[in-house]
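Structure data (mmCIF, C-alpha atoms, pLDDT in the B column; chains and numbers go by the auth columns) from input-v6.cif:
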```
data_final
#
loop_
_atom_site.group_PDB
_atom_site.id
_atom_site.type_symbol
_atom_site.label_atom_id
_atom_site.label_comp_id
_atom_site.label_asym_id
_atom_site.label_seq_id
_atom_site.Cartn_x
_atom_site.Cartn_y
_atom_site.Cartn_z
_atom_site.B_iso_or_equiv
_atom_site.auth_seq_id
_atom_site.auth_asym_id
ATOM 1 C CA MET A 1 156.783 47.959 105.056 61.00 1 Q
ATOM 2 C CA THR A 2 155.221 44.624 104.158 66.00 2 Q
ATOM 3 C CA GLU A 3 153.403 44.466 100.856 82.00 3 Q
ATOM 4 C CA LYS A 4 149.712 43.771 101.405 87.00 4 Q
ATOM 5 C CA GLY A 5 148.534 40.280 100.475 92.00 5 Q
ATOM 6 C CA LYS A 6 146.039 39.476 97.751 95.00 6 Q
ATOM 7 C CA LEU A 7 142.522 38.210 98.266 97.00 7 Q
ATOM 8 C CA PHE A 8 141.235 35.291 96.196 97.00 8 Q
ATOM 9 C CA VAL A 9 137.675 34.007 96.125 96.00 9 Q
ATOM 10 C CA ILE A 10 137.142 30.409 95.025 96.00 10 Q
ATOM 11 C CA SER A 11 133.601 29.277 94.246 95.00 11 Q
ATOM 12 C CA GLY A 12 131.863 26.423 92.505 95.00 12 Q
ATOM 13 C CA PRO A 13 129.047 23.948 92.983 93.00 13 Q
ATOM 14 C CA SER A 14 128.983 21.590 95.941 88.00 14 Q
ATOM 15 C CA GLY A 15 130.892 18.425 95.022 88.00 15 Q
ATOM 16 C CA VAL A 16 133.089 20.052 92.361 93.00 16 Q
ATOM 17 C CA GLY A 17 136.251 19.459 94.394 92.00 17 Q
ATOM 18 C CA LYS A 18 136.936 23.017 95.486 93.00 18 Q
ATOM 19 C CA GLY A 19 137.541 21.914 99.082 91.00 19 Q
ATOM 20 C CA THR A 20 140.203 19.450 97.958 94.00 20 Q
ATOM 21 C CA LEU A 21 141.847 22.058 95.733 96.00 21 Q
ATOM 22 C CA VAL A 22 141.802 24.677 98.497 95.00 22 Q
ATOM 23 C CA SER A 23 143.262 22.182 101.018 93.00 23 Q
ATOM 24 C CA LYS A 24 146.170 21.534 98.655 96.00 24 Q
ATOM 25 C CA LEU A 25 146.613 25.274 98.130 94.00 25 Q
ATOM 26 C CA ALA A 26 146.722 25.801 101.921 94.00 26 Q
ATOM 27 C CA GLU A 27 149.932 23.737 102.028 95.00 27 Q
ATOM 28 C CA GLU A 28 151.718 26.331 99.873 94.00 28 Q
ATOM 29 C CA PRO A 29 153.858 28.953 101.673 94.00 29 Q
ATOM 30 C CA GLY A 30 152.422 32.456 102.032 93.00 30 Q
ATOM 31 C CA ILE A 31 148.821 31.324 101.598 95.00 31 Q
ATOM 32 C CA TRP A 32 146.186 31.362 104.316 94.00 32 Q
ATOM 33 C CA VAL A 33 142.714 29.884 103.870 93.00 33 Q
ATOM 34 C CA SER A 34 140.016 31.809 105.674 93.00 34 Q
ATOM 35 C CA VAL A 35 137.762 29.989 108.103 91.00 35 Q
ATOM 36 C CA SER A 36 134.100 30.829 107.531 89.00 36 Q
ATOM 37 C CA ALA A 37 131.345 31.036 110.088 92.00 37 Q
ATOM 38 C CA THR A 38 128.213 28.945 109.532 95.00 38 Q
ATOM 39 C CA THR A 39 124.900 28.124 111.121 97.00 39 Q
ATOM 40 C CA ARG A 40 124.906 24.545 109.814 94.00 40 Q
ATOM 41 C CA GLY A 41 125.793 21.752 112.180 93.00 41 Q
ATOM 42 C CA PRO A 42 129.264 20.225 112.036 93.00 42 Q
ATOM 43 C CA ARG A 43 129.836 17.154 109.880 90.00 43 Q
ATOM 44 C CA GLU A 44 131.661 14.214 111.372 92.00 44 Q
ATOM 45 C CA GLY A 45 135.277 15.121 112.055 94.00 45 Q
ATOM 46 C CA GLU A 46 134.844 18.888 111.621 94.00 46 Q
ATOM 47 C CA VAL A 47 136.400 21.039 114.354 94.00 47 Q
ATOM 48 C CA ASP A 48 135.030 24.399 115.489 93.00 48 Q
ATOM 49 C CA GLY A 49 137.496 27.166 114.657 88.00 49 Q
ATOM 50 C CA GLU A 50 139.414 25.032 112.160 88.00 50 Q
ATOM 51 C CA ASP A 51 136.835 23.909 109.597 86.00 51 Q
ATOM 52 C CA TYR A 52 134.210 26.538 110.430 89.00 52 Q
ATOM 53 C CA PHE A 53 133.173 28.757 113.287 90.00 53 Q
ATOM 54 C CA PHE A 54 129.865 27.062 114.143 96.00 54 Q
ATOM 55 C CA MET A 55 127.288 29.598 115.350 95.00 55 Q
ATOM 56 C CA ASP A 56 123.597 29.611 116.097 94.00 56 Q
ATOM 57 C CA LYS A 57 121.525 31.665 113.686 95.00 57 Q
ATOM 58 C CA ASP A 58 120.733 34.504 116.117 95.00 58 Q
ATOM 59 C CA ALA A 59 124.412 35.084 116.966 95.00 59 Q
ATOM 60 C CA PHE A 60 125.333 34.916 113.275 97.00 60 Q
ATOM 61 C CA LEU A 61 122.687 37.468 112.252 95.00 61 Q
ATOM 62 C CA GLU A 62 123.740 39.798 115.078 95.00 62 Q
ATOM 63 C CA LYS A 63 127.374 39.702 113.897 94.00 63 Q
ATOM 64 C CA ALA A 64 126.197 40.327 110.309 94.00 64 Q
ATOM 65 C CA ALA A 65 124.134 43.344 111.435 95.00 65 Q
ATOM 66 C CA GLN A 66 127.249 44.779 113.120 94.00 66 Q
ATOM 67 C CA GLY A 67 129.263 44.514 109.861 92.00 67 Q
ATOM 68 C CA GLY A 68 131.416 41.693 111.185 93.00 68 Q
ATOM 69 C CA PHE A 69 131.520 39.795 107.876 94.00 69 Q
ATOM 70 C CA ILE A 70 133.153 40.726 104.553 94.00 70 Q
ATOM 71 C CA GLU A 71 130.290 38.797 103.024 93.00 71 Q
ATOM 72 C CA TRP A 72 127.567 36.485 104.111 90.00 72 Q
ATOM 73 C CA ALA A 73 124.825 34.516 102.459 82.00 73 Q
ATOM 74 C CA GLU A 74 122.118 32.004 103.149 84.00 74 Q
ATOM 75 C CA TYR A 75 122.636 28.808 101.166 74.00 75 Q
ATOM 76 C CA SER A 76 120.573 25.619 101.357 77.00 76 Q
ATOM 77 C CA GLY A 77 118.883 26.904 104.510 86.00 77 Q
ATOM 78 C CA ASN A 78 122.099 27.792 106.400 92.00 78 Q
ATOM 79 C CA CYS A 79 124.072 31.020 106.764 93.00 79 Q
ATOM 80 C CA TYR A 80 127.753 31.309 105.863 88.00 80 Q
ATOM 81 C CA GLY A 81 130.019 34.325 106.344 91.00 81 Q
ATOM 82 C CA THR A 82 133.637 35.476 106.270 93.00 82 Q
ATOM 83 C CA PRO A 83 134.887 37.258 109.424 91.00 83 Q
ATOM 84 C CA ALA A 84 136.318 40.607 108.285 91.00 84 Q
ATOM 85 C CA ASP A 85 138.842 41.258 111.054 87.00 85 Q
ATOM 86 C CA VAL A 86 140.718 37.961 110.717 87.00 86 Q
ATOM 87 C CA VAL A 87 140.991 38.239 106.929 93.00 87 Q
ATOM 88 C CA GLN A 88 142.299 41.801 107.120 92.00 88 Q
ATOM 89 C CA ALA A 89 144.932 40.814 109.682 92.00 89 Q
ATOM 90 C CA HIS A 90 146.310 38.133 107.333 93.00 90 Q
ATOM 91 C CA LEU A 91 146.274 40.450 104.301 94.00 91 Q
ATOM 92 C CA ASP A 92 148.191 43.038 106.330 95.00 92 Q
ATOM 93 C CA THR A 93 151.014 40.506 106.932 94.00 93 Q
ATOM 94 C CA GLY A 94 151.438 40.039 103.165 93.00 94 Q
ATOM 95 C CA GLU A 95 149.814 36.627 102.946 94.00 95 Q
ATOM 96 C CA SER A 96 147.521 35.676 100.080 94.00 96 Q
ATOM 97 C CA VAL A 97 144.097 34.914 101.540 96.00 97 Q
ATOM 98 C CA ILE A 98 141.768 32.341 100.023 97.00 98 Q
ATOM 99 C CA LEU A 99 138.008 32.523 100.582 95.00 99 Q
ATOM 100 C CA GLU A 100 136.118 29.367 99.616 91.00 100 Q
ATOM 101 C CA ILE A 101 132.606 30.778 99.335 87.00 101 Q
ATOM 102 C CA GLU A 102 129.408 30.594 97.307 84.00 102 Q
ATOM 103 C CA VAL A 103 128.592 32.836 94.344 88.00 103 Q
ATOM 104 C CA GLN A 104 126.313 35.101 96.416 82.00 104 Q
ATOM 105 C CA GLY A 105 129.177 35.910 98.753 86.00 105 Q
ATOM 106 C CA ALA A 106 131.678 36.271 95.923 91.00 106 Q
ATOM 107 C CA ALA A 107 129.580 39.048 94.395 90.00 107 Q
ATOM 108 C CA GLN A 108 129.506 40.851 97.762 90.00 108 Q
ATOM 109 C CA VAL A 109 133.296 40.567 98.108 93.00 109 Q
ATOM 110 C CA LYS A 110 133.907 41.902 94.585 93.00 110 Q
ATOM 111 C CA GLU A 111 131.584 44.829 95.266 91.00 111 Q
ATOM 112 C CA LYS A 112 133.313 45.739 98.552 89.00 112 Q
ATOM 113 C CA LEU A 113 136.854 44.779 97.499 91.00 113 Q
ATOM 114 C CA PRO A 114 137.177 45.150 93.701 93.00 114 Q
ATOM 115 C CA GLU A 115 140.837 44.077 93.839 93.00 115 Q
ATOM 116 C CA ALA A 116 139.780 40.548 94.889 96.00 116 Q
ATOM 117 C CA VAL A 117 140.442 37.858 92.266 97.00 117 Q
ATOM 118 C CA LEU A 118 137.455 35.559 91.670 97.00 118 Q
ATOM 119 C CA ILE A 119 138.110 31.973 90.535 97.00 119 Q
ATOM 120 C CA PHE A 120 135.226 29.636 89.620 97.00 120 Q
ATOM 121 C CA ILE A 121 135.741 25.856 89.716 97.00 121 Q
ATOM 122 C CA GLU A 122 133.345 23.982 87.453 95.00 122 Q
ATOM 123 C CA PRO A 123 132.721 20.262 86.968 94.00 123 Q
ATOM 124 C CA PRO A 124 133.362 18.571 83.626 93.00 124 Q
ATOM 125 C CA SER A 125 129.570 17.913 83.465 91.00 125 Q
ATOM 126 C CA LEU A 126 126.464 17.901 85.643 89.00 126 Q
ATOM 127 C CA GLU A 127 126.426 14.087 85.380 90.00 127 Q
ATOM 128 C CA GLU A 128 129.942 13.917 86.838 90.00 128 Q
ATOM 129 C CA LEU A 129 128.924 16.358 89.574 90.00 129 Q
ATOM 130 C CA GLU A 130 125.957 14.166 90.514 89.00 130 Q
ATOM 131 C CA ALA A 131 128.222 11.098 90.630 89.00 131 Q
ATOM 132 C CA ARG A 132 130.624 12.923 92.968 86.00 132 Q
ATOM 133 C CA LEU A 133 127.790 14.022 95.265 87.00 133 Q
ATOM 134 C CA ARG A 134 126.372 10.497 95.415 87.00 134 Q
ATOM 135 C CA GLY A 135 129.875 9.115 95.983 86.00 135 Q
ATOM 136 C CA ARG A 136 130.151 11.102 99.227 83.00 136 Q
ATOM 137 C CA GLY A 137 127.338 9.026 100.707 81.00 137 Q
ATOM 138 C CA THR A 138 126.451 11.864 103.096 82.00 138 Q
ATOM 139 C CA GLU A 139 123.183 13.210 101.690 83.00 139 Q
ATOM 140 C CA SER A 140 119.687 12.088 100.782 89.00 140 Q
ATOM 141 C CA ASP A 141 118.402 12.012 97.204 90.00 141 Q
ATOM 142 C CA GLU A 142 116.375 15.136 98.017 92.00 142 Q
ATOM 143 C CA ALA A 143 119.488 16.980 99.263 89.00 143 Q
ATOM 144 C CA ILE A 144 121.429 15.942 96.160 90.00 144 Q
ATOM 145 C CA ALA A 145 118.594 17.190 93.937 92.00 145 Q
ATOM 146 C CA ARG A 146 118.695 20.558 95.777 91.00 146 Q
ATOM 147 C CA ARG A 147 122.476 20.776 95.330 89.00 147 Q
ATOM 148 C CA LEU A 148 122.210 19.981 91.608 92.00 148 Q
ATOM 149 C CA ALA A 149 119.521 22.634 91.156 93.00 149 Q
ATOM 150 C CA ALA A 150 121.753 25.123 92.983 91.00 150 Q
ATOM 151 C CA ALA A 151 124.697 24.064 90.783 92.00 151 Q
ATOM 152 C CA LYS A 152 122.764 24.970 87.637 93.00 152 Q
ATOM 153 C CA VAL A 153 122.149 28.476 89.025 92.00 153 Q
ATOM 154 C CA GLU A 154 125.794 28.822 90.121 93.00 154 Q
ATOM 155 C CA LEU A 155 127.099 27.767 86.712 93.00 155 Q
ATOM 156 C CA GLU A 156 125.134 30.652 85.172 93.00 156 Q
ATOM 157 C CA GLU A 157 127.235 33.041 87.308 93.00 157 Q
ATOM 158 C CA LYS A 158 130.662 31.755 86.220 94.00 158 Q
ATOM 159 C CA MET A 159 131.183 34.455 83.588 93.00 159 Q
ATOM 160 C CA LYS A 160 131.282 37.080 86.368 94.00 160 Q
ATOM 161 C CA TYR A 161 134.528 35.497 87.594 96.00 161 Q
ATOM 162 C CA ASP A 162 138.049 36.495 86.579 95.00 162 Q
ATOM 163 C CA THR A 163 139.014 32.867 85.902 95.00 163 Q
ATOM 164 C CA VAL A 164 137.070 29.632 85.280 96.00 164 Q
ATOM 165 C CA LEU A 165 138.843 26.294 85.869 95.00 165 Q
ATOM 166 C CA VAL A 166 137.365 22.904 84.966 95.00 166 Q
ATOM 167 C CA ASN A 167 138.159 20.269 87.592 95.00 167 Q
ATOM 168 C CA ASP A 168 138.290 17.234 85.322 94.00 168 Q
ATOM 169 C CA ASP A 169 141.744 16.165 86.550 94.00 169 Q
ATOM 170 C CA LEU A 170 142.628 17.108 90.137 93.00 170 Q
ATOM 171 C CA ASP A 171 146.403 17.417 89.647 96.00 171 Q
ATOM 172 C CA ARG A 172 146.080 19.535 86.505 96.00 172 Q
ATOM 173 C CA ALA A 173 143.372 21.723 88.072 96.00 173 Q
ATOM 174 C CA PHE A 174 145.545 22.253 91.160 97.00 174 Q
ATOM 175 C CA GLU A 175 148.609 23.249 89.132 96.00 175 Q
ATOM 176 C CA GLU A 176 146.516 25.726 87.149 96.00 176 Q
ATOM 177 C CA LEU A 177 144.957 27.143 90.332 96.00 177 Q
ATOM 178 C CA LYS A 178 148.351 27.479 92.021 95.00 178 Q
ATOM 179 C CA MET A 179 149.734 29.270 88.951 94.00 179 Q
ATOM 180 C CA ARG A 180 146.792 31.741 88.935 94.00 180 Q
ATOM 181 C CA VAL A 181 147.282 32.545 92.621 94.00 181 Q
ATOM 182 C CA ARG A 182 151.077 32.932 92.345 90.00 182 Q
ATOM 183 C CA ASN A 183 150.909 35.127 89.234 87.00 183 Q
ATOM 184 C CA ALA A 184 147.993 37.391 90.189 79.00 184 Q
#
```

What does this structure look like when you write it as structure tokens?
Amino acid sequence: MTEKGKLFVISGPSGVGKGTLVSKLAEEPGIWVSVSATTRGPREGEVDGEDYFFMDKDAFLEKAAQGGFIEWAEYSGNCYGTPADVVQAHLDTGESVILEIEVQGAAQVKEKLPEAVLIFIEPPSLEELEARLRGRGTESDEAIARRLAAAKVELEEKMKYDTVLVNDDLDRAFEELKMRVRNA
């Protein structure tokens, strides 16, 4: 019988580099990164079913009402959720599953699946986070201000996580993250 895989939840403010860290982690054997569903529109280059499952809000809320998500949350005006059936199928094969989700969803996962390991990625400072967000060149000043306000709230939740990693150096942060996942 195959040993069941472990579930990891990775959260942190927008712009902290969690997507980059998770992408690197996805290249490791035995690790599968869950694809979330969202009601936000795709960004340039994003592919439906690979980056996200893009859904309209009515379809998303119907799936949520039917218990089709491990967790879901509304964040910055859009809904995000983790499809339960796909995650369970990967865990059953023995793979470690990574969920890259917001703090609201992480709390839901921990409540439903207490064995999940929560990892919070934090920036070295709010000033550095703002510089990273501006460096993307994808959002208005108003959107950046909203993301920074959300980041302050998210940072207050970090102590509820099993591990907190500071992403001040990408290579070091990745090695630490990989070690935490391998040794959990």

Shell around Ile101 (chain Q) at 7 Å using only C-alpha atoms, local window under 5 positions removed, as a list in words: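 So, after excluding close chain neighbours, the residues are Val9, Ile10, Ser11 and Ala106 of chain Q.
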
Residue by residue, what does the PyMOL selection byres ((chain Q and resi 71) around 10) grab here? Present the result as a ChimeraX atom specification. /Q:36,64,67-70,72-73,80-84,101,104-112

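Each of Q:Gly77, Q:Gly17, Q:Pro123, Q:Pro29 was compared to Val181 (chain Q) using only C-alpha atoms, and Q:Pro29 turns out to be the nearest.
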
Expand the PyMOL selection byres ((chain Q and resi 49) around 12) into the explicit residue set it covers here, and present it as JSON, numbers by chain. {"Q": [34, 35, 36, 37, 38, 42, 46, 47, 48, 50, 51, 52, 53, 54, 55, 83, 86]}

Proximity to Cys79 (chain Q) - best of Q:Ile98, Q:Ala59, Q:Val166, Q:Met179, only C-alpha atoms: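 Distance minimum relative to Cys79 (chain Q) lands on Q:Ala59.
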
Separation of CA of Ser76 (chain Q) from CA of Arg146 (chain Q) in Å: 7.8 Å

Got a minute to add all heavy atoms to region 83-94 of chain Q and dump it as a short mmCIF file (atom, residue, chain, number, x, y, z; two decimals), in the coordinates of the input?
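See part_21.cif below for the written result:
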```cif
data_model
loop_
_atom_site.label_atom_id
_atom_site.label_comp_id
_atom_site.auth_asym_id
_atom_site.auth_seq_id
_atom_site.Cartn_x
_atom_site.Cartn_y
_atom_site.Cartn_z
N PRO Q 83 134.55 36.24 108.42
CA PRO Q 83 134.89 37.26 109.42
C PRO Q 83 135.89 38.28 108.88
O PRO Q 83 136.99 37.92 108.44
CB PRO Q 83 135.51 36.44 110.57
CG PRO Q 83 135.04 35.03 110.36
CD PRO Q 83 134.89 34.89 108.87
N ALA Q 84 135.52 39.54 108.90
CA ALA Q 84 136.32 40.61 108.28
C ALA Q 84 137.64 40.85 109.00
O ALA Q 84 138.68 41.01 108.34
CB ALA Q 84 135.50 41.90 108.24
N ASP Q 85 137.64 40.88 110.31
CA ASP Q 85 138.84 41.26 111.05
C ASP Q 85 139.98 40.26 110.86
O ASP Q 85 141.14 40.65 110.68
CB ASP Q 85 138.53 41.45 112.54
CG ASP Q 85 137.85 40.25 113.19
OD1 ASP Q 85 137.37 39.33 112.47
OD2 ASP Q 85 137.79 40.22 114.43
N VAL Q 86 139.68 38.98 110.85
CA VAL Q 86 140.72 37.96 110.72
C VAL Q 86 141.33 38.00 109.32
O VAL Q 86 142.55 37.92 109.16
CB VAL Q 86 140.13 36.56 111.01
CG1 VAL Q 86 141.18 35.49 110.87
CG2 VAL Q 86 139.51 36.52 112.41
N VAL Q 87 140.50 38.16 108.31
CA VAL Q 87 140.99 38.24 106.93
C VAL Q 87 141.91 39.44 106.76
O VAL Q 87 143.01 39.34 106.20
CB VAL Q 87 139.82 38.29 105.91
CG1 VAL Q 87 140.32 38.66 104.52
CG2 VAL Q 87 139.09 36.96 105.89
N GLN Q 88 141.49 40.58 107.26
CA GLN Q 88 142.30 41.80 107.12
C GLN Q 88 143.65 41.65 107.81
O GLN Q 88 144.68 42.08 107.28
CB GLN Q 88 141.55 43.02 107.68
CG GLN Q 88 142.22 44.33 107.33
CD GLN Q 88 142.34 44.53 105.82
OE1 GLN Q 88 141.36 44.48 105.10
NE2 GLN Q 88 143.56 44.75 105.34
N ALA Q 89 143.67 41.02 108.96
CA ALA Q 89 144.93 40.81 109.68
C ALA Q 89 145.92 39.99 108.85
O ALA Q 89 147.11 40.30 108.79
CB ALA Q 89 144.66 40.14 111.03
N HIS Q 90 145.43 38.96 108.17
CA HIS Q 90 146.31 38.13 107.33
C HIS Q 90 146.77 38.89 106.09
O HIS Q 90 147.94 38.79 105.70
CB HIS Q 90 145.62 36.82 106.97
CG HIS Q 90 145.64 35.83 108.09
ND1 HIS Q 90 146.68 34.97 108.31
CD2 HIS Q 90 144.75 35.60 109.09
CE1 HIS Q 90 146.43 34.23 109.38
NE2 HIS Q 90 145.27 34.61 109.86
N LEU Q 91 145.89 39.64 105.47
CA LEU Q 91 146.27 40.45 104.30
C LEU Q 91 147.36 41.46 104.68
O LEU Q 91 148.31 41.68 103.93
CB LEU Q 91 145.06 41.17 103.71
CG LEU Q 91 144.04 40.30 102.97
CD1 LEU Q 91 142.80 41.12 102.64
CD2 LEU Q 91 144.64 39.68 101.72
N ASP Q 92 147.23 42.03 105.87
CA ASP Q 92 148.19 43.04 106.33
C ASP Q 92 149.59 42.46 106.54
O ASP Q 92 150.57 43.18 106.48
CB ASP Q 92 147.71 43.71 107.62
CG ASP Q 92 146.52 44.63 107.38
OD1 ASP Q 92 146.23 44.98 106.21
OD2 ASP Q 92 145.86 45.00 108.38
N THR Q 93 149.70 41.14 106.76
CA THR Q 93 151.01 40.51 106.93
C THR Q 93 151.64 40.14 105.59
O THR Q 93 152.77 39.66 105.55
CB THR Q 93 150.93 39.22 107.78
OG1 THR Q 93 150.22 38.22 107.04
CG2 THR Q 93 150.28 39.47 109.13
N GLY Q 94 150.91 40.35 104.49
CA GLY Q 94 151.44 40.04 103.16
C GLY Q 94 151.03 38.68 102.64
O GLY Q 94 151.42 38.30 101.54
#
```
